[in-house]
Amino acid sequence: MKAVTTVLLLIVACHAQASQTLRIAVASNFKPTLEALLPLWQAQNDIAITVSSGPSGALTQQILAGAPFGLFLSADAGFPEALYAKDKGAKPVVYARGQLIAACGHNASAAMAALQQANTLALANTRTAPYGQAAAGWLTEHGKHFSAKQVQAGSVAGALQFAVTGNADCALVASSFRQLAPKLHWYPLPHAPVLTQAASVINNSSAAQTFLSFLLSDAAQHFIQQNGYLAAKP
């Protein structure tokens with residue numbers, strides 16, 4: 001009888017794991033890479049994943065308001081640190097490092113020349129999107145002579161869309177987007193900002209901790225670097 005009970009408990013436990021769904025809040029720059037990683041995850045795990053994407057600042061506000069996310073993948077370390085300080089998330093862990101890059105519809109010899117030729121320049125929201133904040137900081141230091149009119153999108157993905165559609169001549173976006181828009185001209189920036197992207201487990205989710213361990217595995221890290229990121233550990 002004891003053996004039968006043990007088997008039944010194992011079956012129930014396996015079924016519970018298979019029926020788990022992990023909700024991930026992910027910064028828009030990392031969403032394409034995360035979605036591309038999911039087949040590798042699903043080949044090894046039974047936990048289903050649902051993804052919600054947006055600017056890290058907006059996602060932070062949703063978490064503070066009680067949104068039922070299990071894991072937060074931010075585009076910086078600042079927003080997860082703010083959650084941790086308010087006891088709304090676990091201590092942040094770096095999962096990737098991103099870089100800012102210029103994407104333009106026209107050809108030029110280098111980034112500075114391309115940006116000087118631009119009439120309009122798109123960047124992500126400087127209040128809620130870390131890539132927008134990084135772009136504004138870089139422009140303050142290195143773009144004083146640019147005459148382009150700046151337009152802000154809701155997210156860094158939105159800034160890329162401005163350049164893809166021709167609504168902006170150039171955009172300052174995540175270098176990981178390079179493969180998403182091969183028809184644009186891509187220019188590495190001098191003194192390009194590096195964004196330390198950190199993750200935080202929300203509400204002590206065991207499924208989130210399992211996924212974060214996967215994200216930090218050698219196989220996942222290799223894939224992340226193939227998608228335009230620097231290694232999590234410098």
# chains A, B, ... in the order shown; residues from 1 in each chain; ligands from 1
call {"tool": "closest_atom_pairs", "arguments": {"of": "stretch 26-54 of chain A", "to": "stretch 65-78 of chain A", "cutoff": "9 Å", "atoms": "only C-alpha atoms", "output": "JSON lines"}}
result
{"residue": "A:Val26", "atom": "CA", "partner": "A:Leu73", "partner_atom": "CA", "distance": 4.6}
{"residue": "A:Ala27", "atom": "CA", "partner": "A:Ser74", "partner_atom": "CA", "distance": 5.2}
{"residue": "A:Ser28", "atom": "CA", "partner": "A:Ala75", "partner_atom": "CA", "distance": 8.1}
{"residue": "A:Asn29", "atom": "CA", "partner": "A:Ala75", "partner_atom": "CA", "distance": 7.2}
{"residue": "A:Phe30", "atom": "CA", "partner": "A:Ala75", "partner_atom": "CA", "distance": 7.6}
{"residue": "A:Ser52", "atom": "CA", "partner": "A:Phe69", "partner_atom": "CA", "distance": 8.9}
call {"tool": "write_last_selection", "arguments": {"atoms": "N, CA, C and O atoms", "output": "JSON list (two decimals), in the first residue's frame"}}
result
[["chain", "number", "residue", "atom", "x", "y", "z"],
["A", 26, "VAL", "N", 9.72, 40.43, -19.86],
["A", 26, "VAL", "CA", 11.03, 40.59, -20.51],
["A", 26, "VAL", "C", 11.13, 41.93, -21.21],
["A", 26, "VAL", "O", 10.19, 42.38, -21.88],
["A", 27, "ALA", "N", 12.26, 42.57, -21.06],
["A", 27, "ALA", "CA", 12.54, 43.82, -21.78],
["A", 27, "ALA", "C", 12.48, 43.56, -23.28],
["A", 27, "ALA", "O", 12.88, 42.50, -23.76],
["A", 28, "SER", "N", 11.98, 44.53, -24.02],
["A", 28, "SER", "CA", 11.71, 44.30, -25.45],
["A", 28, "SER", "C", 12.97, 43.97, -26.24],
["A", 28, "SER", "O", 12.90, 43.26, -27.25],
["A", 29, "ASN", "N", 14.15, 44.43, -25.80],
["A", 29, "ASN", "CA", 15.36, 44.10, -26.54],
["A", 29, "ASN", "C", 15.69, 42.62, -26.48],
["A", 29, "ASN", "O", 16.26, 42.05, -27.41],
["A", 30, "PHE", "N", 15.32, 41.95, -25.37],
["A", 30, "PHE", "CA", 15.69, 40.55, -25.20],
["A", 30, "PHE", "C", 14.59, 39.59, -25.66],
["A", 30, "PHE", "O", 14.82, 38.38, -25.73],
["A", 52, "SER", "N", 5.54, 38.35, -21.61],
["A", 52, "SER", "CA", 5.02, 39.70, -21.74],
["A", 52, "SER", "C", 6.21, 40.64, -21.89],
["A", 52, "SER", "O", 7.17, 40.55, -21.13]]
call {"tool": "select_by_dssp", "arguments": {"residues": "stretch 21-198 of chain A", "states": "helix (DSSP H, G or I)", "output": "PyMOL selection string"}}
result
chain A and resi 31-42+56-64+78-85+111-117+130-142+156-165+175-180
call {"tool": "residues_around", "arguments": {"residues": "stretch 179-182 of chain A", "least_positions_apart": "6", "cutoff": "9 Å", "atoms": "only C-alpha atoms", "output": "MDAnalysis selection string"}}
result
chainID A and resid 32 103 160 164 227:228
call {"tool": "closest_residue", "arguments": {"among": "A:Cys170, A:Ile101, A:Val93, A:Leu37", "to": "A:Asn119", "atoms": "only C-alpha atoms"}}
result
A:Cys170
call {"tool": "select_by_dssp", "arguments": {"residues": "stretch 127-208 of chain A", "states": "strand (DSSP E or B)", "output": "PyMOL selection string"}}
result
chain A and resi 149-153+170-174+185-188+194-201
call {"tool": "residues_around", "arguments": {"residues": "A:Glu141", "least_positions_apart": "5", "cutoff": "12 Å", "atoms": "only C-alpha atoms", "output": "ChimeraX atom specification"}}
result
/A:134-136,146,190-193
call {"tool": "closest_residue", "arguments": {"among": "A:Ile202, A:Leu115, A:Leu184, A:Ala96", "to": "A:Tyr229", "atoms": "only C-alpha atoms"}}
result
A:Ala96
call {"tool": "atom_distance", "arguments": {"atom1": "atom CA of A:Leu100", "atom2": "atom CA of A:Leu216"}}
result
22.3 Å
call {"tool": "closest_residue", "arguments": {"among": "A:Ala113, A:Leu215, A:Val151, A:Ala157", "to": "A:Tyr187", "atoms": "only C-alpha atoms"}}
result
A:Ala113
call {"tool": "closest_residue", "arguments": {"among": "A:Ala232, A:Leu59, A:Ala159, A:Ala118", "to": "A:Gln197", "atoms": "only C-alpha atoms"}}
result
A:Ala232
call {"tool": "atom_distance", "arguments": {"atom1": "atom CA of A:Leu83", "atom2": "atom CA of A:Thr60"}}
result
7.4 Å
